[in-house]
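Listing of input_12.cif; format and content: mmCIF, C-alpha atoms and all ligand atoms.
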data_input
loop_
_atom_site.label_atom_id
_atom_site.label_comp_id
_atom_site.auth_asym_id
_atom_site.auth_seq_id
_atom_site.Cartn_x
_atom_site.Cartn_y
_atom_site.Cartn_z
CA MET A 18 43.75 27.64 -36.94
CA ARG A 19 46.35 25.92 -34.78
CA ARG A 20 49.67 27.71 -34.61
CA PRO A 21 52.45 25.20 -35.31
CA MET A 22 55.10 24.66 -32.65
CA VAL A 23 58.64 23.37 -33.03
CA ALA A 24 60.49 22.65 -29.80
CA GLY A 25 64.04 21.48 -29.18
CA ASN A 26 64.63 19.08 -26.29
CA TRP A 27 68.35 19.31 -25.53
CA LYS A 28 68.08 16.47 -22.99
CA MET A 29 71.22 16.07 -20.83
CA HIS A 30 73.53 17.55 -23.46
CA GLY A 31 75.79 20.55 -23.25
CA THR A 32 78.74 22.28 -21.65
CA ARG A 33 78.91 25.97 -20.85
CA ALA A 34 80.77 26.49 -24.11
CA SER A 35 78.45 24.44 -26.33
CA VAL A 36 75.32 25.98 -24.78
CA ALA A 37 76.69 29.50 -25.33
CA GLU A 38 77.44 28.66 -28.96
CA LEU A 39 74.04 27.07 -29.55
CA THR A 40 72.23 29.99 -27.88
CA GLU A 41 74.09 32.47 -30.04
CA GLY A 42 73.31 30.43 -33.15
CA LEU A 43 69.60 30.34 -32.26
CA GLY A 44 69.60 34.09 -31.69
CA ASN A 45 70.92 34.62 -35.22
CA LEU A 46 68.28 32.49 -36.96
CA SER A 47 65.58 34.01 -39.07
CA LEU A 48 62.50 32.19 -37.86
CA PRO A 49 59.08 32.04 -39.53
CA ALA A 50 56.62 34.36 -37.80
CA GLY A 51 53.75 31.89 -37.77
CA VAL A 52 55.61 29.19 -35.85
CA GLU A 53 56.00 29.07 -32.09
CA VAL A 54 59.59 28.05 -31.36
CA ALA A 55 60.76 26.71 -27.99
CA VAL A 56 63.83 25.09 -26.46
CA PHE A 57 64.23 22.93 -23.36
CA PRO A 58 67.81 23.26 -22.10
CA PRO A 59 69.25 21.23 -19.21
CA ALA A 60 68.14 22.74 -15.88
CA LEU A 61 71.43 24.33 -14.96
CA PHE A 62 71.62 26.33 -18.20
CA VAL A 63 67.99 27.51 -18.32
CA THR A 64 68.55 31.03 -16.95
CA GLU A 65 71.57 31.54 -19.17
CA VAL A 66 69.58 30.55 -22.24
CA ILE A 67 66.64 32.77 -21.22
CA ASN A 68 69.03 35.72 -20.91
CA GLY A 69 70.77 34.89 -24.18
CA LEU A 70 67.49 34.66 -26.11
CA GLN A 71 65.98 37.86 -24.70
CA GLY A 72 63.90 39.51 -27.45
CA LYS A 73 64.47 36.68 -29.96
CA GLY A 74 60.94 35.31 -29.79
CA ILE A 75 62.03 31.84 -28.66
CA ILE A 76 60.25 30.35 -25.65
CA VAL A 77 62.26 28.49 -23.03
CA GLY A 78 60.91 25.50 -21.12
CA ALA A 79 62.02 23.07 -18.43
CA GLN A 80 62.61 19.37 -19.06
CA ASN A 81 61.15 18.38 -15.70
CA SER A 82 59.44 19.93 -12.69
CA ALA A 83 58.28 18.90 -9.23
CA ILE A 84 55.06 17.16 -8.17
CA GLN A 85 53.99 20.22 -6.18
CA PRO A 86 53.48 23.69 -7.66
CA GLU A 87 55.19 25.82 -5.04
CA GLN A 88 58.64 25.81 -3.46
CA GLY A 89 59.13 23.69 -0.34
CA ALA A 90 61.14 20.90 1.27
CA LEU A 91 61.76 18.64 -1.73
CA THR A 92 65.46 18.01 -2.16
CA GLY A 93 66.79 18.14 -5.69
CA GLU A 94 63.55 19.25 -7.33
CA VAL A 95 62.52 22.53 -8.97
CA ALA A 96 58.96 23.77 -8.42
CA PRO A 97 56.87 24.90 -11.42
CA SER A 98 56.43 28.32 -9.77
CA GLN A 99 60.22 28.61 -9.54
CA TRP A 100 60.59 27.82 -13.23
CA ALA A 101 57.86 30.33 -14.04
CA GLU A 102 59.54 33.02 -11.96
CA VAL A 103 62.78 32.82 -13.97
CA GLY A 104 60.85 33.01 -17.24
CA CYS A 105 60.06 29.43 -18.26
CA LYS A 106 56.72 28.95 -19.97
CA LEU A 107 56.57 25.22 -20.74
CA VAL A 108 57.55 21.93 -19.13
CA LEU A 109 57.93 18.44 -20.59
CA ILE A 110 55.81 15.85 -18.78
CA GLY A 111 56.02 12.11 -19.44
CA HIS A 112 58.97 11.92 -21.80
CA SER A 113 59.68 8.23 -22.43
CA GLU A 114 63.19 8.59 -20.99
CA ARG A 115 61.63 9.65 -17.69
CA ARG A 116 58.88 7.02 -17.84
CA GLN A 117 61.27 4.21 -18.71
CA ILE A 118 64.70 5.08 -17.30
CA ILE A 119 63.72 7.10 -14.22
CA GLY A 120 60.56 5.04 -13.67
CA GLU A 121 57.98 7.84 -13.52
CA THR A 122 54.51 6.29 -13.26
CA ASP A 123 51.21 7.64 -14.56
CA GLU A 124 50.36 8.64 -11.00
CA VAL A 125 53.52 10.75 -10.67
CA LEU A 126 52.96 12.26 -14.11
CA ASN A 127 49.36 13.18 -13.26
CA ARG A 128 50.63 15.05 -10.22
CA LYS A 129 53.37 16.76 -12.23
CA PHE A 130 50.87 17.81 -14.90
CA ALA A 131 48.50 19.35 -12.35
CA ALA A 132 51.35 20.98 -10.43
CA ALA A 133 52.80 22.46 -13.62
CA GLN A 134 49.53 24.19 -14.47
CA ALA A 135 48.97 25.34 -10.89
CA GLY A 136 52.50 26.77 -10.86
CA GLY A 137 52.05 28.75 -14.07
CA LEU A 138 53.53 26.46 -16.73
CA THR A 139 52.01 24.86 -19.82
CA PRO A 140 52.70 21.11 -19.87
CA VAL A 141 53.89 19.40 -23.03
CA LEU A 142 52.59 15.89 -22.42
CA CYS A 143 54.64 13.19 -24.16
CA VAL A 144 53.06 9.87 -25.11
CA GLY A 145 54.27 6.97 -27.22
CA GLU A 146 54.57 3.21 -27.59
CA THR A 147 57.61 0.93 -27.53
CA LEU A 148 58.59 -1.20 -30.51
CA GLU A 149 57.26 -4.28 -28.75
CA GLU A 150 53.90 -2.59 -28.19
CA ARG A 151 53.72 -1.46 -31.83
CA GLU A 152 54.55 -4.91 -33.10
CA ALA A 153 51.85 -6.35 -30.85
CA GLY A 154 49.33 -3.97 -32.45
CA LYS A 155 48.89 -2.06 -29.20
CA THR A 156 49.99 1.44 -30.28
CA LEU A 157 46.60 3.16 -30.03
CA GLU A 158 45.73 1.34 -26.83
CA VAL A 159 48.98 2.42 -25.12
CA VAL A 160 48.84 6.03 -26.30
CA GLY A 161 45.13 6.21 -25.47
CA ARG A 162 45.78 4.96 -21.97
CA GLN A 163 48.60 7.46 -21.35
CA LEU A 164 46.27 10.28 -22.41
CA SER A 165 43.29 8.93 -20.44
CA SER A 166 45.37 8.87 -17.30
CA ILE A 167 45.81 12.65 -17.45
CA ILE A 168 42.20 13.25 -18.49
CA ASP A 169 40.87 11.11 -15.64
CA ALA A 170 43.07 12.88 -13.10
CA CYS A 171 42.84 16.48 -14.30
CA GLY A 172 39.73 16.65 -16.51
CA VAL A 173 39.62 17.23 -20.27
CA LYS A 174 39.38 21.02 -19.83
CA ALA A 175 42.87 21.00 -18.33
CA LEU A 176 44.14 20.05 -21.77
CA ALA A 177 43.06 23.43 -23.11
CA ASN A 178 46.32 24.65 -21.58
CA ALA A 179 48.64 21.91 -22.82
CA VAL A 180 50.43 20.57 -25.85
CA ILE A 181 50.70 16.86 -26.68
CA ALA A 182 53.78 15.28 -28.25
CA TYR A 183 53.52 11.83 -29.82
CA GLU A 184 56.94 10.25 -29.62
CA PRO A 185 57.16 6.58 -30.56
CA VAL A 186 59.90 5.21 -28.31
CA TRP A 187 61.39 3.19 -31.16
CA ALA A 188 61.93 6.36 -33.19
CA ILE A 189 63.72 8.36 -30.49
CA GLY A 190 67.42 8.78 -31.13
CA THR A 191 67.43 5.78 -33.46
CA GLY A 192 67.34 7.45 -36.86
CA LEU A 193 64.13 5.48 -37.48
CA THR A 194 61.33 7.95 -38.11
CA ALA A 195 57.68 7.04 -38.15
CA THR A 196 56.39 7.47 -41.68
CA PRO A 197 54.19 10.53 -42.08
CA GLN A 198 51.19 8.20 -42.39
CA GLN A 199 52.10 6.21 -39.27
CA ALA A 200 52.44 9.44 -37.29
CA GLN A 201 49.26 10.91 -38.79
CA ASP A 202 47.26 7.80 -37.84
CA VAL A 203 48.24 8.14 -34.17
CA HIS A 204 47.71 11.91 -34.15
CA ALA A 205 44.25 11.47 -35.66
CA ALA A 206 43.41 8.87 -32.99
CA ILE A 207 44.56 11.24 -30.21
CA ARG A 208 42.42 14.04 -31.63
CA ALA A 209 39.46 11.71 -32.00
CA GLN A 210 39.81 10.64 -28.36
CA LEU A 211 39.64 14.30 -27.33
CA GLN A 212 36.82 15.07 -29.78
CA VAL A 213 34.44 12.71 -28.00
CA LEU A 214 34.98 14.59 -24.75
CA ASP A 215 35.40 18.20 -25.86
CA ALA A 216 35.35 19.33 -29.48
CA GLU A 217 36.95 22.69 -28.74
CA VAL A 218 39.87 21.18 -26.86
CA ALA A 219 40.32 18.66 -29.68
CA ASP A 220 40.27 21.27 -32.46
CA ASN A 221 42.70 23.59 -30.69
CA MET A 222 45.12 20.95 -29.41
CA ARG A 223 48.57 21.14 -30.90
CA LEU A 224 49.88 17.64 -31.54
CA LEU A 225 53.63 17.51 -32.09
CA TYR A 226 55.51 14.57 -33.55
CA GLY A 227 58.89 13.57 -32.08
CA GLY A 228 61.38 10.89 -33.03
CA SER A 229 64.35 11.39 -35.36
CA VAL A 230 62.93 14.53 -36.97
CA LYS A 231 65.51 16.35 -39.07
CA ALA A 232 65.48 19.05 -41.72
CA ALA A 233 65.29 16.38 -44.44
CA ASN A 234 62.06 14.75 -43.21
CA ALA A 235 60.34 17.60 -41.32
CA ALA A 236 58.28 19.14 -44.13
CA GLU A 237 56.68 15.83 -45.07
CA LEU A 238 55.73 15.08 -41.44
CA PHE A 239 54.47 18.61 -40.74
CA GLY A 240 52.41 18.49 -43.93
CA MET A 241 50.06 15.90 -42.42
CA PRO A 242 46.67 17.30 -41.31
CA ASP A 243 46.95 16.40 -37.62
CA ILE A 244 50.67 17.07 -37.15
CA ASP A 245 51.08 20.58 -35.78
CA GLY A 246 54.86 20.66 -35.43
CA GLY A 247 57.61 18.69 -33.75
CA LEU A 248 59.57 17.92 -30.62
CA ILE A 249 63.15 17.61 -31.74
CA GLY A 250 66.00 15.90 -29.88
CA GLY A 251 69.39 15.40 -31.54
CA ALA A 252 68.78 17.74 -34.48
CA SER A 253 67.93 20.61 -32.11
CA LEU A 254 71.55 20.71 -30.90
CA ASN A 255 72.57 22.28 -34.20
CA ALA A 256 71.14 25.79 -34.61
CA ASP A 257 71.09 25.76 -38.41
CA GLU A 258 69.44 22.34 -38.62
CA PHE A 259 66.90 23.38 -35.99
CA GLY A 260 66.21 26.61 -37.87
CA ALA A 261 65.54 24.64 -41.05
CA ILE A 262 63.08 22.39 -39.15
CA CYS A 263 61.30 25.48 -37.79
CA ARG A 264 60.97 26.88 -41.30
CA ALA A 265 59.52 23.55 -42.48
CA ALA A 266 56.62 24.13 -40.07
CA GLY A 267 55.82 27.55 -41.58
CA HIS A 268 52.90 27.83 -43.96
P1 LIG A 301 65.44 12.56 -31.38
O1 LIG A 301 64.98 13.69 -32.25
O2 LIG A 301 66.90 12.64 -31.03
O3 LIG A 301 65.03 11.23 -31.93
O4 LIG A 301 64.67 12.72 -29.97
C1 LIG A 301 63.31 12.92 -29.95
C2 LIG A 301 62.91 13.27 -28.56
O5 LIG A 301 62.98 12.44 -27.66
C3 LIG A 301 62.47 14.64 -28.28
O6 LIG A 301 61.91 14.75 -27.01
#
Could the structure of this file be written out as structure tokens, please?
Amino acid sequence: MRRPMVAGNWKMHGTRASVAELTEGLGNLSLPAGVEVAVFPPALFVTEVINGLQGKGIIVGAQNSAIQPEQGALTGEVAPSQWAEVGCKLVLIGHSERRQIIGETDEVLNRKFAAAQAGGLTPVLCVGETLEEREAGKTLEVVGRQLSSIIDACGVKALANAVIAYEPVWAIGTGLTATPQQAQDVHAAIRAQLQVLDAEVADNMRLLYGGSVKAANAAELFGMPDIDGGLIGGASLNADEFGAICRAAGH
């Protein structure tokens, strides 16, 4: 049985005041026991959020980490081992905003994925197609290639310690959600790609859906057989809305 996960990606949002309020709100939620809940605050608030959520059963992750596992001369970056030392457990790798806006290539992401694991973090690998790619019928090809890149570089066994998030770029922050069937089709294809290489990794892999998930559409998405939870952007900035999404992932 895969344990569902619901994770909130706060992106580059928040002030000291809003983060304190959100952290307090999260701490007051009653969360379903069977669901793993995580948040990814902006880097500068991570330690504050870890302290604020002490004992609340919510995991904290980093939105980005360096291409090498250990500390060193790399201006502006944070090493996976440094994140791990302050209490982070997860890191997002390959979010479309970093692929497209920052220009992170597959080669950089492969290094970040390997470094994250070597430094003690579990990567949450994000994959997804643009609208243009979907309309050209290339969704499965694009997502398959993004996943193959990591498998070729790190080996399929490395995915035993990872989570995959399917986030169609056209659904992120747009209010356009993939239909449950559209999302399920891609999730099933991802699992099938893994199945050919390693049945155990495929069966245990948690596949999260991301892209305009809110309390109103979460249960329907999470009800699909290959959707094991969600990666939530905008709706995770409101504690009550996020709590409702977490409860929708409970059995
Ligand atoms: P939204 O939920 O705001 O569409 O963002 C999804 C996302 O990018 C999570 O990583």
Contacts of chain A with ligand LIG 301 (chain A) up to 7 Å, shortest pair per row, all atoms listed in the file, as JSON lines:
{"residue": "A:Asn26", "atom": "CA", "partner": "A:LIG301", "partner_atom": "O6", "distance": 5.2}
{"residue": "A:His112", "atom": "CA", "partner": "A:LIG301", "partner_atom": "O6", "distance": 6.6}
{"residue": "A:Glu184", "atom": "CA", "partner": "A:LIG301", "partner_atom": "O5", "distance": 6.7}
{"residue": "A:Ala188", "atom": "CA", "partner": "A:LIG301", "partner_atom": "O3", "distance": 5.9}
{"residue": "A:Ile189", "atom": "CA", "partner": "A:LIG301", "partner_atom": "O3", "distance": 3.5}
{"residue": "A:Gly190", "atom": "CA", "partner": "A:LIG301", "partner_atom": "O3", "distance": 3.5}
{"residue": "A:Thr191", "atom": "CA", "partner": "A:LIG301", "partner_atom": "O3", "distance": 6.1}
{"residue": "A:Gly192", "atom": "CA", "partner": "A:LIG301", "partner_atom": "O3", "distance": 6.6}
{"residue": "A:Gly227", "atom": "CA", "partner": "A:LIG301", "partner_atom": "C1", "distance": 4.9}
{"residue": "A:Gly228", "atom": "CA", "partner": "A:LIG301", "partner_atom": "O3", "distance": 3.8}
{"residue": "A:Ser229", "atom": "CA", "partner": "A:LIG301", "partner_atom": "O3", "distance": 3.5}
{"residue": "A:Val230", "atom": "CA", "partner": "A:LIG301", "partner_atom": "O1", "distance": 5.2}
{"residue": "A:Leu248", "atom": "CA", "partner": "A:LIG301", "partner_atom": "C3", "distance": 5.0}
{"residue": "A:Ile249", "atom": "CA", "partner": "A:LIG301", "partner_atom": "O1", "distance": 4.4}
{"residue": "A:Gly250", "atom": "CA", "partner": "A:LIG301", "partner_atom": "O1", "distance": 3.4}
{"residue": "A:Gly251", "atom": "CA", "partner": "A:LIG301", "partner_atom": "O2", "distance": 3.8}
{"residue": "A:Ala252", "atom": "CA", "partner": "A:LIG301", "partner_atom": "O1", "distance": 6.0}
Resulting file, chosen residues, C-alpha atoms, as a JSON list (two decimals), in the frame of the given file:
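Wrote result.json, looks like this:
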[["chain", "number", "residue", "atom", "x", "y", "z"],
["A", 26, "ASN", "CA", 64.63, 19.08, -26.29],
["A", 112, "HIS", "CA", 58.97, 11.92, -21.80],
["A", 184, "GLU", "CA", 56.94, 10.25, -29.62],
["A", 188, "ALA", "CA", 61.93, 6.36, -33.19],
["A", 189, "ILE", "CA", 63.72, 8.36, -30.49],
["A", 190, "GLY", "CA", 67.42, 8.78, -31.13],
["A", 191, "THR", "CA", 67.43, 5.78, -33.46],
["A", 192, "GLY", "CA", 67.34, 7.45, -36.86],
["A", 227, "GLY", "CA", 58.89, 13.57, -32.08],
["A", 228, "GLY", "CA", 61.38, 10.89, -33.03],
["A", 229, "SER", "CA", 64.35, 11.39, -35.36],
["A", 230, "VAL", "CA", 62.93, 14.53, -36.97],
["A", 248, "LEU", "CA", 59.57, 17.92, -30.62],
["A", 249, "ILE", "CA", 63.15, 17.61, -31.74],
["A", 250, "GLY", "CA", 66.00, 15.90, -29.88],
["A", 251, "GLY", "CA", 69.39, 15.40, -31.54],
["A", 252, "ALA", "CA", 68.78, 17.74, -34.48]]
Shortest interatomic distance to Ile181 in chain A - which of A:Ala209, A:Ala132, A:Ala256, A:Leu164, counting only C-alpha atoms: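 Of A:Ala209, A:Ala132, A:Ala256, A:Leu164, the one nearest Ile181 in chain A is A:Leu164, counting only C-alpha atoms.
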Point-to-point distance in Å for CA of Gly78 in chain A and CA of Asp215 in chain A: 27.0 Å
All residues 10 Å or closer to Gly260 in chain A, only C-alpha atoms, same chain fewer than 2 positions away omitted, as a list in words: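 Counting only the stated atoms, we get Val23, Gly42, Leu43, Asn45, Leu46, Ser47, Leu48, Pro49, Val54, Ala232, Ala252, Ser253, Asn255, Ala256, Asp257, Glu258, Ile262, Cys263, Arg264 and Ala265 of chain A.
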Residues near Ile76 in chain A, cut-off 9 Å, all atoms listed in the file, skip fewer than 5 positions along chain, as a count of residues only: 12
Pick from A:Val125, A:Met22, A:Val103, A:Ala50 nearest to Phe62 in chain A, counting all atoms listed in the file: A:Val103
Distance in Å - CA of Thr196 in chain A versus CA of Asn234 in chain A: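 CA of Asn234 in chain A lies at a distance of 9.4 Å from CA of Thr196 in chain A.
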Residues of range 204-229 of chain A that have any atom at most 12 Å from an atom of range 135-149 of chain A: could you tabulate them with the shortest-distance atom pair and the distance in Å to one decimal, using all atoms listed in the file, ordered by chain and increasing number, as JSON lines?
{"residue": "A:His204", "atom": "CA", "partner": "A:Val144", "partner_atom": "CA", "distance": 10.7}
{"residue": "A:Ile207", "atom": "CA", "partner": "A:Val144", "partner_atom": "CA", "distance": 10.0}
{"residue": "A:Met222", "atom": "CA", "partner": "A:Val141", "partner_atom": "CA", "distance": 11.0}
{"residue": "A:Arg223", "atom": "CA", "partner": "A:Val141", "partner_atom": "CA", "distance": 9.7}
{"residue": "A:Leu224", "atom": "CA", "partner": "A:Val141", "partner_atom": "CA", "distance": 9.6}
{"residue": "A:Leu225", "atom": "CA", "partner": "A:Cys143", "partner_atom": "CA", "distance": 9.1}
{"residue": "A:Tyr226", "atom": "CA", "partner": "A:Cys143", "partner_atom": "CA", "distance": 9.5}
{"residue": "A:Gly227", "atom": "CA", "partner": "A:Cys143", "partner_atom": "CA", "distance": 9.0}
{"residue": "A:Gly228", "atom": "CA", "partner": "A:Gly145", "partner_atom": "CA", "distance": 10.0}
Writing out the chosen residues with C-alpha atoms as an mmCIF file, in the frame of the given file:
data_model
loop_
_atom_site.group_PDB
_atom_site.id
_atom_site.type_symbol
_atom_site.label_atom_id
_atom_site.label_comp_id
_atom_site.auth_asym_id
_atom_site.auth_seq_id
_atom_site.Cartn_x
_atom_site.Cartn_y
_atom_site.Cartn_z
ATOM 1 C CA HIS A 204 47.710 11.910 -34.150
ATOM 2 C CA ILE A 207 44.560 11.240 -30.210
ATOM 3 C CA MET A 222 45.120 20.950 -29.410
ATOM 4 C CA ARG A 223 48.570 21.140 -30.900
ATOM 5 C CA LEU A 224 49.880 17.640 -31.540
ATOM 6 C CA LEU A 225 53.630 17.510 -32.090
ATOM 7 C CA TYR A 226 55.510 14.570 -33.550
ATOM 8 C CA GLY A 227 58.890 13.570 -32.080
ATOM 9 C CA GLY A 228 61.380 10.890 -33.030
#
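CA of Gly25 in chain A is found 16.1 Å from CA of Gly267 in chain A.
Comparing the minimum interatomic distances between Leu238 in chain A and each of A:Ser98, A:Ala195, A:Leu109, A:Val180, counting only C-alpha atoms, we find that A:Ala195 sits nearest.
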Distance criterion (only C-alpha atoms): nearest to Thr156 in chain A out of A:Glu217, A:Asp243, A:Glu41, A:Asp202: A:Asp202
Among the residues A:Trp100, A:Phe130, A:Trp187, A:Phe259, the one that comes closest to Gly247 in chain A [using all atoms listed in the file]: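 Among the listed residues, A:Phe259 lies closest to Gly247 in chain A.
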Proximity to Met241 in chain A - best of A:Val213, A:Ala205, A:Glu121, A:Thr64, only C-alpha atoms: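 Comparing A:Val213, A:Ala205, A:Glu121, A:Thr64 against Met241 in chain A, the winner is A:Ala205.
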Spatial neighbours of Arg33 in chain A, 12 Å, only C-alpha atoms, chain gap at least 5 places, as a VMD selection string: chain A and resid 38 to 40 58 to 59 61 to 63 65 to 66
Keeping only C-alpha atoms, write the selected residues as an mmCIF file, in the frame of the given file.
data_model
loop_
_atom_site.group_PDB
_atom_site.id
_atom_site.type_symbol
_atom_site.label_atom_id
_atom_site.label_comp_id
_atom_site.auth_asym_id
_atom_site.auth_seq_id
_atom_site.Cartn_x
_atom_site.Cartn_y
_atom_site.Cartn_z
ATOM 1 C CA GLU A 38 77.440 28.660 -28.960
ATOM 2 C CA LEU A 39 74.040 27.070 -29.550
ATOM 3 C CA THR A 40 72.230 29.990 -27.880
ATOM 4 C CA PRO A 58 67.810 23.260 -22.100
ATOM 5 C CA PRO A 59 69.250 21.230 -19.210
ATOM 6 C CA LEU A 61 71.430 24.330 -14.960
ATOM 7 C CA PHE A 62 71.620 26.330 -18.200
ATOM 8 C CA VAL A 63 67.990 27.510 -18.320
ATOM 9 C CA GLU A 65 71.570 31.540 -19.170
ATOM 10 C CA VAL A 66 69.580 30.550 -22.240
#
Within 10 Å of Asn127 in chain A using only C-alpha atoms, minus same-chain residues under 6 positions, as JSON, numbers by chain: {"A": [84, 110, 111, 133, 163, 166, 167, 168, 169, 170, 171]}
Could you add whatever atoms are missing so that range 71-83 of chain A carries N, CA, C and O atoms, then write the result as a PDB file, in the coordinates of the input?
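As written to disk, rebuild-v5.pdb reads:
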ATOM      1  N   GLN A  71      66.796  36.673 -24.958  1.00  0.00           N
ATOM      2  CA  GLN A  71      65.980  37.860 -24.700  1.00  0.00           C
ATOM      3  C   GLN A  71      65.610  38.564 -26.009  1.00  0.00           C
ATOM      4  O   GLN A  71      66.490  38.895 -26.792  1.00  0.00           O
ATOM      5  N   GLY A  72      64.334  38.746 -26.270  1.00  0.00           N
ATOM      6  CA  GLY A  72      63.900  39.510 -27.450  1.00  0.00           C
ATOM      7  C   GLY A  72      63.973  38.751 -28.755  1.00  0.00           C
ATOM      8  O   GLY A  72      63.709  39.302 -29.823  1.00  0.00           O
ATOM      9  N   LYS A  73      64.319  37.458 -28.715  1.00  0.00           N
ATOM     10  CA  LYS A  73      64.470  36.680 -29.960  1.00  0.00           C
ATOM     11  C   LYS A  73      63.200  35.917 -30.320  1.00  0.00           C
ATOM     12  O   LYS A  73      63.153  35.213 -31.338  1.00  0.00           O
ATOM     13  N   GLY A  74      62.211  35.981 -29.468  1.00  0.00           N
ATOM     14  CA  GLY A  74      60.940  35.310 -29.790  1.00  0.00           C
ATOM     15  C   GLY A  74      61.000  33.798 -29.654  1.00  0.00           C
ATOM     16  O   GLY A  74      60.197  33.084 -30.261  1.00  0.00           O
ATOM     17  N   ILE A  75      61.953  33.292 -28.893  1.00  0.00           N
ATOM     18  CA  ILE A  75      62.030  31.840 -28.660  1.00  0.00           C
ATOM     19  C   ILE A  75      61.669  31.580 -27.196  1.00  0.00           C
ATOM     20  O   ILE A  75      62.228  32.209 -26.288  1.00  0.00           O
ATOM     21  N   ILE A  76      60.719  30.678 -27.001  1.00  0.00           N
ATOM     22  CA  ILE A  76      60.250  30.350 -25.650  1.00  0.00           C
ATOM     23  C   ILE A  76      61.208  29.343 -25.026  1.00  0.00           C
ATOM     24  O   ILE A  76      61.749  28.474 -25.717  1.00  0.00           O
ATOM     25  N   VAL A  77      61.410  29.461 -23.717  1.00  0.00           N
ATOM     26  CA  VAL A  77      62.260  28.490 -23.030  1.00  0.00           C
ATOM     27  C   VAL A  77      61.402  27.691 -22.050  1.00  0.00           C
ATOM     28  O   VAL A  77      60.525  28.238 -21.368  1.00  0.00           O
ATOM     29  N   GLY A  78      61.655  26.382 -22.009  1.00  0.00           N
ATOM     30  CA  GLY A  78      60.910  25.500 -21.120  1.00  0.00           C
ATOM     31  C   GLY A  78      61.843  24.659 -20.281  1.00  0.00           C
ATOM     32  O   GLY A  78      63.055  24.620 -20.515  1.00  0.00           O
ATOM     33  N   ALA A  79      61.259  23.974 -19.295  1.00  0.00           N
ATOM     34  CA  ALA A  79      62.020  23.070 -18.430  1.00  0.00           C
ATOM     35  C   ALA A  79      61.767  21.631 -18.869  1.00  0.00           C
ATOM     36  O   ALA A  79      60.692  21.304 -19.369  1.00  0.00           O
ATOM     37  N   GLN A  80      62.757  20.779 -18.667  1.00  0.00           N
ATOM     38  CA  GLN A  80      62.610  19.370 -19.060  1.00  0.00           C
ATOM     39  C   GLN A  80      61.868  18.544 -18.014  1.00  0.00           C
ATOM     40  O   GLN A  80      61.455  17.421 -18.266  1.00  0.00           O
ATOM     41  N   ASN A  81      61.751  19.121 -16.808  1.00  0.00           N
ATOM     42  CA  ASN A  81      61.150  18.380 -15.700  1.00  0.00           C
ATOM     43  C   ASN A  81      60.748  19.392 -14.638  1.00  0.00           C
ATOM     44  O   ASN A  81      61.334  20.467 -14.560  1.00  0.00           O
ATOM     45  N   SER A  82      59.743  19.065 -13.840  1.00  0.00           N
ATOM     46  CA  SER A  82      59.440  19.930 -12.690  1.00  0.00           C
ATOM     47  C   SER A  82      58.806  19.068 -11.599  1.00  0.00           C
ATOM     48  O   SER A  82      58.444  17.914 -11.824  1.00  0.00           O
ATOM     49  N   ALA A  83      58.669  19.660 -10.417  1.00  0.00           N
ATOM     50  CA  ALA A  83      58.280  18.900  -9.230  1.00  0.00           C
ATOM     51  C   ALA A  83      56.804  18.512  -9.228  1.00  0.00           C
ATOM     52  O   ALA A  83      56.001  19.043  -9.997  1.00  0.00           O
TER      53      ALA A  83
END
